[in-house]
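The data block below is work23.txt; it holds compact mmCIF, C-alpha atoms.
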```txt
# COMPACT_ATOMS: atom_id res chain seq x y z
CA MET Q 1 9.78 -11.85 -48.10
CA ALA Q 2 10.14 -9.57 -51.05
CA GLN Q 3 12.29 -10.98 -53.78
CA HIS Q 4 14.69 -8.09 -53.98
CA LYS Q 5 15.49 -8.49 -50.26
CA VAL Q 6 16.88 -12.01 -50.68
CA ASN Q 7 20.63 -12.08 -50.51
CA TYR Q 8 21.58 -15.19 -52.44
CA THR Q 9 25.21 -14.85 -51.44
CA GLN Q 10 24.39 -15.57 -47.82
CA ASP Q 11 23.12 -18.68 -46.03
CA GLY Q 12 23.88 -20.92 -48.96
CA GLY Q 13 21.65 -18.89 -51.23
CA LEU Q 14 18.47 -19.73 -49.35
CA PRO Q 15 16.08 -17.16 -47.92
CA VAL Q 16 16.29 -18.81 -44.51
CA ALA Q 17 17.90 -18.05 -41.20
CA LEU Q 18 19.40 -20.81 -39.12
CA THR Q 19 19.02 -20.81 -35.37
CA SER Q 20 18.49 -23.13 -32.44
CA ILE Q 21 15.19 -24.02 -30.83
CA ASP Q 22 16.20 -22.29 -27.62
CA LYS Q 23 16.98 -19.09 -29.42
CA ILE Q 24 13.80 -18.94 -31.46
CA VAL Q 25 11.57 -19.83 -28.52
CA ASN Q 26 13.25 -17.30 -26.30
CA TRP Q 27 13.12 -14.75 -29.08
CA GLY Q 28 9.39 -15.25 -29.24
CA ARG Q 29 8.93 -15.20 -25.51
CA SER Q 30 11.10 -12.19 -24.86
CA ASN Q 31 9.34 -10.14 -27.52
CA SER Q 32 5.82 -10.93 -26.44
CA ILE Q 33 5.89 -10.42 -22.68
CA TRP Q 34 2.25 -9.85 -21.94
CA ALA Q 35 1.81 -8.13 -18.64
CA LEU Q 36 -0.97 -8.54 -16.14
CA THR Q 37 -2.73 -5.23 -15.48
CA TYR Q 38 -1.91 -4.98 -11.82
CA GLY Q 39 -1.73 -1.38 -10.68
CA LEU Q 40 -2.22 -1.36 -6.92
CA ALA Q 41 -1.33 2.26 -6.16
CA CYS Q 42 0.39 5.31 -7.63
CA CYS Q 43 3.04 3.17 -9.39
CA GLY Q 44 0.12 1.96 -11.49
CA ILE Q 45 -0.10 5.43 -13.03
CA GLU Q 46 3.53 5.18 -14.15
CA MET Q 47 2.78 1.70 -15.47
CA MET Q 48 -0.12 3.11 -17.49
CA ALA Q 49 2.14 5.88 -18.78
CA SER Q 50 4.63 3.23 -19.88
CA GLY Q 51 1.90 1.51 -21.81
CA ALA Q 52 0.62 4.70 -23.43
CA SER Q 53 1.86 6.35 -26.58
CA ARG Q 54 4.76 8.40 -25.24
CA PHE Q 55 6.70 5.41 -23.93
CA ASP Q 56 4.81 2.80 -25.92
CA PHE Q 57 5.24 -0.66 -24.48
CA ASP Q 58 3.76 -2.19 -27.64
CA ARG Q 59 7.18 -1.73 -29.23
CA TYR Q 60 8.46 -4.47 -26.93
CA GLY Q 61 5.43 -6.62 -27.54
CA THR Q 62 4.35 -5.93 -23.99
CA ILE Q 63 0.58 -5.73 -24.04
CA PHE Q 64 -1.43 -5.43 -20.85
CA ARG Q 65 -3.91 -8.22 -20.32
CA ALA Q 66 -6.83 -8.21 -17.93
CA SER Q 67 -6.54 -11.92 -17.14
CA PRO Q 68 -3.68 -13.70 -15.39
CA ARG Q 69 -4.24 -16.70 -17.65
CA GLN Q 70 -3.08 -14.68 -20.66
CA ALA Q 71 -0.19 -12.95 -18.91
CA ASP Q 72 3.50 -13.81 -18.75
CA VAL Q 73 4.69 -11.16 -16.34
CA MET Q 74 3.03 -9.70 -13.29
CA ILE Q 75 4.12 -6.11 -12.72
CA VAL Q 76 3.29 -5.50 -9.07
CA ALA Q 77 2.87 -1.73 -9.26
CA GLY Q 78 2.12 -0.37 -5.82
CA THR Q 79 1.53 -1.05 -2.15
CA LEU Q 80 0.50 -4.56 -1.27
CA THR Q 81 -1.71 -4.62 1.81
CA LYS Q 82 -1.97 -7.66 4.03
CA LYS Q 83 -5.65 -7.96 3.17
CA HIS Q 84 -4.77 -8.22 -0.51
CA ALA Q 85 -1.84 -10.63 -0.06
CA GLU Q 86 -3.88 -13.79 -0.57
CA PHE Q 87 -5.26 -12.46 -3.86
CA ILE Q 88 -1.84 -11.69 -5.33
CA LYS Q 89 -0.90 -15.29 -4.56
CA ARG Q 90 -4.08 -16.53 -6.20
CA LEU Q 91 -3.48 -14.42 -9.33
CA TYR Q 92 0.13 -15.55 -9.48
CA ASP Q 93 -0.94 -19.18 -9.28
CA GLN Q 94 -3.36 -18.64 -12.16
CA MET Q 95 -0.60 -17.45 -14.48
CA THR Q 96 0.79 -20.13 -16.76
CA GLU Q 97 4.45 -21.03 -16.68
CA PRO Q 98 6.89 -19.70 -17.61
CA ARG Q 99 5.99 -16.61 -15.63
CA TRP Q 100 7.90 -13.69 -14.26
CA VAL Q 101 7.31 -11.04 -11.65
CA ILE Q 102 8.53 -7.45 -11.65
CA SER Q 103 8.28 -5.70 -8.30
CA MET Q 104 7.81 -2.05 -9.18
CA GLY Q 105 8.61 0.70 -6.68
CA SER Q 106 9.63 0.93 -3.05
CA CYS Q 107 6.32 -0.31 -1.64
CA ALA Q 108 6.34 -3.52 -3.61
CA ASN Q 109 10.05 -4.05 -2.94
CA THR Q 110 10.15 -3.52 0.81
CA GLY Q 111 6.90 -1.97 2.00
CA GLY Q 112 8.49 1.43 1.41
CA MET Q 113 7.22 4.29 3.51
CA PHE Q 114 4.33 2.18 4.80
CA ASN Q 115 6.19 0.78 7.77
CA THR Q 116 2.89 -0.19 9.39
CA TYR Q 117 0.86 -3.16 10.52
CA ALA Q 118 -1.26 -3.32 7.37
CA THR Q 119 1.35 -3.45 4.62
CA VAL Q 120 3.26 -6.47 3.36
CA GLN Q 121 6.94 -5.66 3.75
CA GLY Q 122 7.90 -6.69 0.23
CA VAL Q 123 5.99 -8.87 -2.23
CA ASP Q 124 8.86 -11.37 -2.15
CA ARG Q 125 7.33 -12.59 1.10
CA ILE Q 126 4.41 -13.90 -0.97
CA ILE Q 127 5.61 -14.65 -4.50
CA PRO Q 128 9.08 -15.06 -6.06
CA VAL Q 129 10.31 -11.87 -7.73
CA ASP Q 130 12.61 -11.66 -10.75
CA LEU Q 131 13.28 -7.96 -10.90
CA TYR Q 132 13.08 -5.15 -8.36
CA LEU Q 133 12.70 -1.62 -9.69
CA PRO Q 134 13.73 1.13 -7.27
CA GLY Q 135 11.93 4.46 -7.09
CA CYS Q 136 8.86 6.08 -5.63
CA ALA Q 137 7.35 5.89 -8.15
CA PRO Q 138 9.84 4.68 -10.78
CA ARG Q 139 9.77 6.67 -13.99
CA PRO Q 140 8.39 4.88 -17.07
CA GLU Q 141 11.98 4.74 -18.34
CA THR Q 142 12.84 2.57 -15.35
CA LEU Q 143 10.02 0.19 -16.12
CA GLN Q 144 11.04 0.11 -19.77
CA TYR Q 145 14.58 -0.69 -18.75
CA GLY Q 146 13.25 -3.33 -16.39
CA VAL Q 147 11.32 -4.99 -19.19
CA MET Q 148 14.45 -4.86 -21.34
CA LEU Q 149 16.45 -6.55 -18.58
CA LEU Q 150 13.73 -9.15 -18.24
CA GLN Q 151 13.94 -9.84 -21.97
CA LYS Q 152 17.65 -10.30 -21.50
CA LYS Q 153 17.05 -12.68 -18.64
CA ILE Q 154 14.58 -14.72 -20.69
CA ARG Q 155 17.09 -14.98 -23.54
CA ALA Q 156 19.82 -16.08 -21.17
CA ASN Q 157 17.83 -19.09 -19.96
CA LYS Q 158 17.06 -22.42 -21.62
CA ALA Q 159 13.67 -22.53 -23.26
CA GLY Q 160 12.77 -26.14 -22.63
CA ASN Q 161 11.23 -27.93 -19.73
CA ALA Q 162 14.56 -27.64 -17.96
CA GLN Q 163 13.40 -24.24 -16.77
CA LYS Q 164 12.74 -24.70 -13.10
CA PRO Q 165 9.37 -23.43 -11.98
CA LYS Q 166 9.91 -20.77 -9.34
CA ARG Q 167 8.52 -21.48 -5.93
CA LEU Q 168 8.77 -19.43 -2.83
CA MET Q 169 8.00 -22.46 -0.68
CA MET R 1 32.57 9.03 27.42
CA ARG R 2 29.06 9.06 26.03
CA ALA R 3 27.13 5.77 26.08
CA TYR R 4 26.98 4.07 22.72
CA THR R 5 23.57 3.97 21.08
CA PRO R 6 22.85 1.83 18.04
CA LYS R 7 22.58 3.92 14.90
CA ASN R 8 20.21 1.61 13.03
CA ASP R 9 17.14 3.34 11.71
CA VAL R 10 18.24 6.53 13.44
CA GLN R 11 16.50 8.75 10.90
CA ALA R 12 13.13 7.38 11.90
CA LYS R 13 13.42 8.77 15.41
CA ALA R 14 13.03 12.32 16.68
CA TYR R 15 16.48 13.50 17.71
CA TYR R 16 15.26 16.30 19.97
CA THR R 17 12.41 16.37 22.44
CA ASP R 18 11.61 19.27 24.75
CA ARG R 19 11.54 18.04 28.35
CA TYR R 20 9.42 20.99 29.50
CA TYR R 21 6.92 20.88 26.63
CA VAL R 22 3.34 21.56 27.62
CA ALA R 23 0.78 20.83 24.93
CA PRO R 24 -1.20 24.00 24.12
CA GLN R 25 -4.91 23.94 24.96
CA VAL R 26 -7.56 25.27 22.65
CA PRO R 27 -9.27 28.11 24.54
CA LYS R 28 -12.89 27.50 25.56
CA GLN R 29 -15.64 30.10 25.45
CA LYS R 30 -18.94 30.15 27.29
CA VAL R 31 -21.98 29.06 25.32
CA GLU R 32 -23.71 32.36 26.15
CA THR R 33 -21.28 34.17 23.85
CA ASP R 34 -23.16 32.77 20.83
CA GLU R 35 -26.84 33.39 20.35
CA VAL R 36 -27.66 30.39 18.13
CA PHE R 37 -25.72 27.96 20.26
CA SER R 38 -27.24 29.14 23.54
CA HIS R 39 -30.72 28.72 22.02
CA ASP R 40 -29.86 25.21 20.80
CA LEU R 41 -28.31 24.23 24.11
CA ALA R 42 -31.39 25.44 26.00
CA ALA R 43 -33.57 23.31 23.71
CA ILE R 44 -31.41 20.22 24.32
CA LYS R 45 -31.21 20.88 28.05
CA ALA R 46 -34.99 21.04 28.28
CA LYS R 47 -35.32 17.41 27.17
CA PHE R 48 -32.01 15.72 28.01
CA ASP R 49 -29.35 15.65 30.67
CA VAL R 50 -26.37 17.77 29.61
CA LYS R 51 -23.18 17.30 31.60
CA GLU R 52 -21.01 20.02 30.12
CA ALA R 53 -21.12 22.44 27.20
CA PHE R 54 -18.71 25.02 25.83
CA ILE R 55 -17.52 26.54 22.55
CA GLN R 56 -14.17 25.78 20.98
CA VAL R 57 -13.01 27.29 17.68
CA GLY R 58 -16.55 28.41 16.88
CA GLN R 59 -18.10 24.98 17.44
CA MET R 60 -20.19 23.92 20.40
CA ILE R 61 -19.24 20.76 22.28
CA VAL R 62 -21.97 19.11 24.32
CA TYR R 63 -21.41 16.22 26.71
CA ILE R 64 -24.46 14.00 27.21
CA ASN R 65 -25.30 10.59 28.67
CA ALA R 66 -24.37 7.56 26.57
CA ASN R 67 -27.89 6.11 26.40
CA ASP R 68 -29.44 9.42 25.24
CA ILE R 69 -27.47 9.50 22.00
CA TYR R 70 -30.15 8.22 19.62
CA ALA R 71 -32.83 10.54 21.02
CA VAL R 72 -30.49 13.56 21.10
CA LEU R 73 -29.41 13.10 17.50
CA GLU R 74 -33.00 12.50 16.39
CA TYR R 75 -34.15 15.66 18.18
CA MET R 76 -31.28 17.70 16.71
CA ARG R 77 -31.98 16.45 13.21
CA ASP R 78 -35.74 16.94 13.28
CA GLU R 79 -36.17 20.02 15.50
CA LEU R 80 -32.87 21.91 15.44
CA THR R 81 -32.05 21.45 11.70
CA TYR R 82 -28.71 19.68 12.32
CA THR R 83 -29.39 17.46 9.35
CA GLN R 84 -25.91 16.15 8.64
CA LEU R 85 -23.66 13.82 10.56
CA SER R 86 -20.25 14.87 9.24
CA GLU R 87 -18.19 12.41 11.20
CA MET R 88 -18.21 10.11 14.18
CA SER R 89 -15.59 8.02 15.86
CA ALA R 90 -13.97 7.34 19.21
CA ILE R 91 -11.00 8.58 21.24
CA ASP R 92 -8.96 6.16 23.30
CA TRP R 93 -8.67 7.21 26.98
CA LEU R 94 -8.04 3.67 28.22
CA ALA R 95 -4.73 4.58 29.80
CA LYS R 96 -6.30 7.48 31.74
CA ASP R 97 -9.50 5.99 33.16
CA ASN R 98 -10.37 2.93 31.04
CA THR R 99 -12.96 4.79 28.93
CA PHE R 100 -13.62 5.70 25.33
CA GLU R 101 -14.85 9.14 24.31
CA ILE R 102 -17.33 8.93 21.42
CA PHE R 103 -18.02 12.01 19.32
CA TYR R 104 -20.63 12.89 16.69
CA GLN R 105 -19.92 15.95 14.54
CA MET R 106 -23.22 17.55 13.44
CA LEU R 107 -23.74 20.23 10.80
CA SER R 108 -26.69 22.53 10.25
CA MET R 109 -26.70 23.93 6.72
CA SER R 110 -29.41 26.50 7.44
CA LYS R 111 -27.84 27.82 10.66
CA ARG R 112 -24.30 27.37 9.33
CA LYS R 113 -23.25 25.93 12.68
CA ARG R 114 -21.51 22.79 13.87
CA ILE R 115 -22.15 20.98 17.15
CA ARG R 116 -20.11 18.11 18.50
CA ILE R 117 -22.02 15.67 20.71
CA LYS R 118 -19.78 13.69 23.02
CA PHE R 119 -20.05 11.09 25.74
CA PHE R 120 -17.90 8.58 27.56
CA ILE R 121 -18.37 4.82 27.68
CA ASN R 122 -16.46 2.25 29.68
CA ASN R 123 -14.14 -0.18 27.99
CA GLY R 124 -16.17 -3.13 26.71
CA ASP R 125 -19.51 -1.26 26.55
CA ALA R 126 -21.43 -0.84 23.31
CA VAL R 127 -22.98 2.33 21.91
CA ASP R 128 -26.43 2.72 20.38
CA SER R 129 -26.32 2.78 16.61
CA VAL R 130 -27.58 5.94 14.89
CA GLU R 131 -27.60 4.22 11.51
CA LYS R 132 -31.42 4.53 11.34
CA LEU R 133 -31.06 8.33 11.60
CA PHE R 134 -28.02 8.88 9.37
CA ARG R 135 -27.08 6.35 6.71
CA CYS R 136 -23.49 7.54 6.81
CA ALA R 137 -23.19 6.20 10.34
CA ASP R 138 -23.37 2.70 8.88
CA TRP R 139 -19.76 2.71 7.70
CA SER R 140 -18.54 5.06 10.45
CA GLU R 141 -19.73 2.70 13.15
CA ARG R 142 -18.20 -0.25 11.35
CA GLU R 143 -14.94 1.65 11.16
CA MET R 144 -15.16 2.45 14.85
CA PHE R 145 -15.64 -1.24 15.53
CA ASP R 146 -12.76 -2.09 13.20
CA MET R 147 -10.33 0.35 14.74
CA PHE R 148 -11.37 0.44 18.43
CA GLY R 149 -13.47 -2.67 18.99
CA ILE R 150 -16.52 -0.67 20.10
CA GLU R 151 -19.69 -2.36 18.94
CA ALA R 152 -22.87 -0.53 18.00
CA ASN R 153 -26.20 -2.00 19.11
CA ASN R 154 -28.90 -2.42 16.43
CA HIS R 155 -26.41 -2.00 13.61
CA PRO R 156 -27.48 -3.96 10.49
CA PHE R 157 -24.02 -5.35 9.66
CA MET R 158 -21.59 -5.08 12.56
CA LYS R 159 -18.42 -6.35 10.88
CA ARG R 160 -14.98 -4.99 10.14
CA ILE R 161 -14.90 -2.58 7.21
CA LEU R 162 -11.23 -1.98 6.32
CA LEU R 163 -9.29 -4.88 7.78
CA PRO R 164 -10.00 -8.50 6.88
CA TYR R 165 -12.75 -10.26 8.83
CA ASP R 166 -10.31 -12.68 10.43
CA TRP R 167 -8.06 -9.91 11.78
CA GLN R 168 -7.24 -9.85 15.46
CA GLY R 169 -6.65 -6.62 17.35
CA TYR R 170 -7.83 -3.03 17.04
CA PRO R 171 -5.18 -0.84 15.40
CA LEU R 172 -6.26 2.63 16.55
CA LEU R 173 -5.91 1.75 20.21
CA LYS R 174 -2.97 3.58 21.75
CA THR R 175 -1.61 0.26 22.96
CA TYR R 176 -1.50 -1.23 19.46
CA PRO R 177 2.05 -1.09 18.04
CA LEU R 178 2.32 0.83 14.77
CA GLN R 179 4.25 -1.97 13.13
CA GLY R 180 1.74 -4.54 14.32
CA ASP R 181 1.67 -7.26 16.94
CA GLU R 182 2.72 -10.82 16.28
CA PHE R 183 -0.58 -11.71 14.59
CA ALA R 184 -0.25 -8.76 12.18
CA ALA R 185 3.42 -9.43 11.46
CA TRP R 186 2.73 -12.99 10.33
CA TYR R 187 -0.79 -12.49 8.97
CA GLU R 188 -0.09 -13.03 5.27
CA VAL R 189 2.40 -15.84 5.85
CA ASP R 190 0.07 -17.71 8.21
CA LYS R 191 -2.90 -17.28 5.91
CA ILE R 192 -1.26 -18.27 2.63
CA TYR R 193 1.45 -20.74 3.59
CA GLY R 194 0.54 -21.72 7.13
CA LYS R 195 2.36 -21.24 10.41
CA GLU R 196 5.04 -23.80 9.56
CA ALA R 197 6.30 -21.50 6.80
CA ARG R 198 7.31 -18.78 9.24
CA GLU R 199 10.80 -20.15 9.67
CA GLU R 200 11.47 -20.42 5.98
CA ILE R 201 10.15 -16.99 4.99
CA GLY R 202 11.60 -15.23 8.01
CA PRO R 203 10.55 -12.15 9.96
CA GLU R 204 9.74 -8.84 8.33
CA ILE R 205 12.63 -6.48 7.73
CA ARG R 206 11.34 -3.16 8.98
CA ASP R 207 14.32 -0.92 8.29
CA THR R 208 13.64 -0.17 4.65
CA ALA R 209 16.70 2.06 4.34
CA ARG R 210 19.00 -0.86 5.03
CA VAL R 211 21.12 -1.76 2.02
CA ASP R 212 24.19 -3.87 2.63
CA ARG R 213 26.46 -3.60 -0.39
CA TYR R 214 28.63 -6.42 0.98
CA ASP R 215 25.64 -8.78 0.96
CA SER R 216 25.77 -10.40 -2.46
CA GLU R 217 22.98 -12.84 -1.55
CA ARG R 218 20.26 -10.22 -1.49
CA PHE R 219 21.72 -7.17 -3.25
CA SER R 220 23.67 -6.54 -6.39
CA ARG R 221 25.32 -3.34 -7.45
CA LEU R 222 24.17 -2.28 -10.89
CA GLY R 223 27.05 -2.35 -13.32
CA PHE R 224 29.24 -4.35 -10.94
CA GLU R 225 27.26 -7.56 -10.63
CA VAL R 226 28.94 -10.69 -9.29
CA PRO R 227 27.55 -14.23 -8.93
CA LYS R 228 25.28 -14.77 -5.95
CA GLY R 229 27.14 -15.34 -2.73
CA THR R 230 30.51 -14.01 -3.90
CA GLU R 231 32.53 -12.16 -1.30
CA ILE R 232 32.66 -8.45 -2.13
CA THR R 233 36.16 -6.98 -2.02
CA GLY R 234 35.59 -3.60 -3.66
CA ASP R 235 37.52 -4.14 -6.88
CA GLU R 236 34.83 -5.95 -8.85
CA PRO R 237 35.19 -5.65 -12.64
CA ARG R 238 32.89 -3.26 -14.43
CA ASN R 239 30.02 -5.01 -16.16
CA PRO R 240 28.48 -2.53 -18.59
CA GLN R 241 24.72 -2.94 -18.95
CA GLU R 242 23.58 -2.99 -22.52
CA TYR R 243 20.19 -3.85 -23.85
CA GLN R 244 21.42 -6.66 -26.05
CA GLU R 245 23.93 -9.37 -25.64
CA GLU R 246 27.30 -9.35 -27.38
CA GLY R 247 26.16 -11.48 -30.30
CA GLY R 248 22.95 -9.54 -30.86
CA VAL R 249 19.47 -10.98 -30.96
CA PHE R 250 18.00 -12.98 -33.81
CA LEU R 251 16.06 -10.81 -36.27
CA ILE R 252 16.38 -7.70 -34.09
CA LYS R 253 18.56 -4.76 -34.89
CA LYS R 254 21.42 -4.32 -32.47
CA PHE R 255 21.01 -1.29 -30.29
CA THR R 256 24.22 0.50 -29.39
CA LYS R 257 24.91 3.70 -27.54
CA GLU R 258 26.87 5.04 -30.49
CA SER R 259 24.03 4.64 -32.96
CA SER R 260 21.44 6.17 -30.65
CA THR R 261 20.42 9.81 -30.36
CA VAL R 262 20.57 11.58 -27.02
CA ILE R 263 17.69 14.00 -26.59
CA ASP R 264 18.80 16.87 -24.35
CA ASP R 265 15.68 18.99 -24.65
CA PRO R 266 13.19 17.96 -21.97
CA GLN R 267 10.40 19.82 -23.81
CA ARG R 268 10.91 17.81 -26.99
```
Can you present the structure in this file as structure tokens?
Amino acid sequence: MAQHKVNYTQDGGLPVALTSIDKIVNWGRSNSIWALTYGLACCGIEMMASGASRFDFDRYGTIFRASPRQADVMIVAGTLTKKHAEFIKRLYDQMTEPRWVISMGSCANTGGMFNTYATVQGVDRIIPVDLYLPGCAPRPETLQYGVMLLQKKIRANKAGNAQKPKRLM
Amino acid sequence: MRAYTPKNDVQAKAYYTDRYYVAPQVPKQKVETDEVFSHDLAAIKAKFDVKEAFIQVGQMIVYINANDIYAVLEYMRDELTYTQLSEMSAIDWLAKDNTFEIFYQMLSMSKRKRIRIKFFINNGDAVDSVEKLFRCADWSEREMFDMFGIEANNHPFMKRILLPYDWQGYPLLKTYPLQGDEFAAWYEVDKIYGKEAREEIGPEIRDTARVDRYDSERFSRLGFEVPKGTEITGDEPRNPQEYQEEGGVFLIKKFTKESSTVIDDPQR
């Protein structure tokens, strides 16, 4: 910290900030939500747009990762077919806890317009979902807002082991 | 008084059907009206048994015997310059006379003509594969097997192409329900969690337009959120959604509506 920035009249004259473990851990977690690259359909295009320069997810510390083992949040962007259902479960199981899921768009929420035999009628039948984003497809602003709400949710919870792992079953 | 009909999912149904509707037929012309086609048909007739032939929308349709298909397509490719198999699949006539109609759409680039070869097979019969003649028939025949359950003899890899290998049922049959039979409805649950999980996960909700604002277990109204399970009365307090909590976030500048700039110009 540059010397001229130190305000010696605050915090007992020390260049330190006092906080609790929960707050600092959640601060770190909520500002480095790495997302799993998981574009399944046209919502994936909006997800890519959110990551690109105009909307710029890097500002939130949200960086897309190609591996579920490095990801904190799975953004299910698109239609989940029944053939693919077992793989979304496998990828979700490979993510390390704590982990979150954003269901992006009508198809992921409820099956959407694909009211057919081959589409899973909502990813919450397979994995637990934290946030549902409406829209077909949702604008990048919606996804940004969703990530902001997720940050809020992370900050509202305890950081320690008390956090209950989410299970559908 | 008019009988009460449930209004659930009413927008998914057609609200008017014409009782006297007769489906229009595409007019058929005689093969003799086209010089190229009549020459081709004569060449096919000289070697194979042709049941029926006519022209529809500028394309000739030829009905042949089911076991001639490989030889007919080979002859058309090598002698009559119909070098491309554009498409092939089946039509379900099971309700009419327990048969499938198989069609092969052929294209000649040099003659600029299209011929459709057709034949009928009984339910449960297999067709001869033409994969050795046209490589594209490989996936087409697999798709036909996937969707109708019609197998192709001498096919190198006669397995489902789109649906998973362990799928039961053939979705393009007219008798197959659009929203799937019981196997399809529980496929992902049975496969991932096992049959005993059915009760816990519950059946699929197929009316996607259904939103119950009085159901606080599964829905919440943005800006008027209440704790899960609360009874909704209609006078819930407003709960303004802001990015950051009241106390702000450690080391991060507080974002407020007042300090932000609203950009009105969409072409900014």
Checklist entry - Can you tell me, as a list in words, what residues are no more than 7 Å from R:Met88 when counting only C-alpha atoms, ignoring any on the same chain fewer than 6 positions away? => result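 The residues satisfying every condition are Phe103, Tyr104, Gln105 and Ser140 of chain R.
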Item to check | Within 9 Å of chain R: residues of chain Q, using all atoms listed in the file, as a PyMOL selection string | outcome: chain Q and resi 17+19+23-24+27+82-86+89+106+110-113+115-118+120-122+125-126+145+148-149+151-152+155+168-169
Checklist entry - Could you name the residues that touch stretch 220-224 of chain R at 6 Å or less, counting all atoms listed in the file, but leaving out those on the same chain fewer than 2 positions away, as an NGL selection string? => result :R and (216 or 238-240)
Determine, counting only C-alpha atoms, which protein, DNA and RNA residues have an atom within 7 Å of an atom of stretch 128-135 of chain Q; residues of the same chain fewer than 4 positions away are not included. Present the result as a CSV table (one decimal) with C-alpha atoms, keeping the file's coordinate frame.
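After the write, selection.csv holds the following:
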```csv
chain,number,residue,atom,x,y,z
Q,100,TRP,CA,7.9,-13.7,-14.3
Q,101,VAL,CA,7.3,-11.0,-11.6
Q,102,ILE,CA,8.5,-7.4,-11.6
Q,103,SER,CA,8.3,-5.7,-8.3
Q,104,MET,CA,7.8,-2.0,-9.2
Q,105,GLY,CA,8.6,0.7,-6.7
Q,106,SER,CA,9.6,0.9,-3.0
Q,109,ASN,CA,10.0,-4.0,-2.9
Q,124,ASP,CA,8.9,-11.4,-2.2
Q,146,GLY,CA,13.2,-3.3,-16.4
Q,166,LYS,CA,9.9,-20.8,-9.3
Q,167,ARG,CA,8.5,-21.5,-5.9
Q,168,LEU,CA,8.8,-19.4,-2.8
```
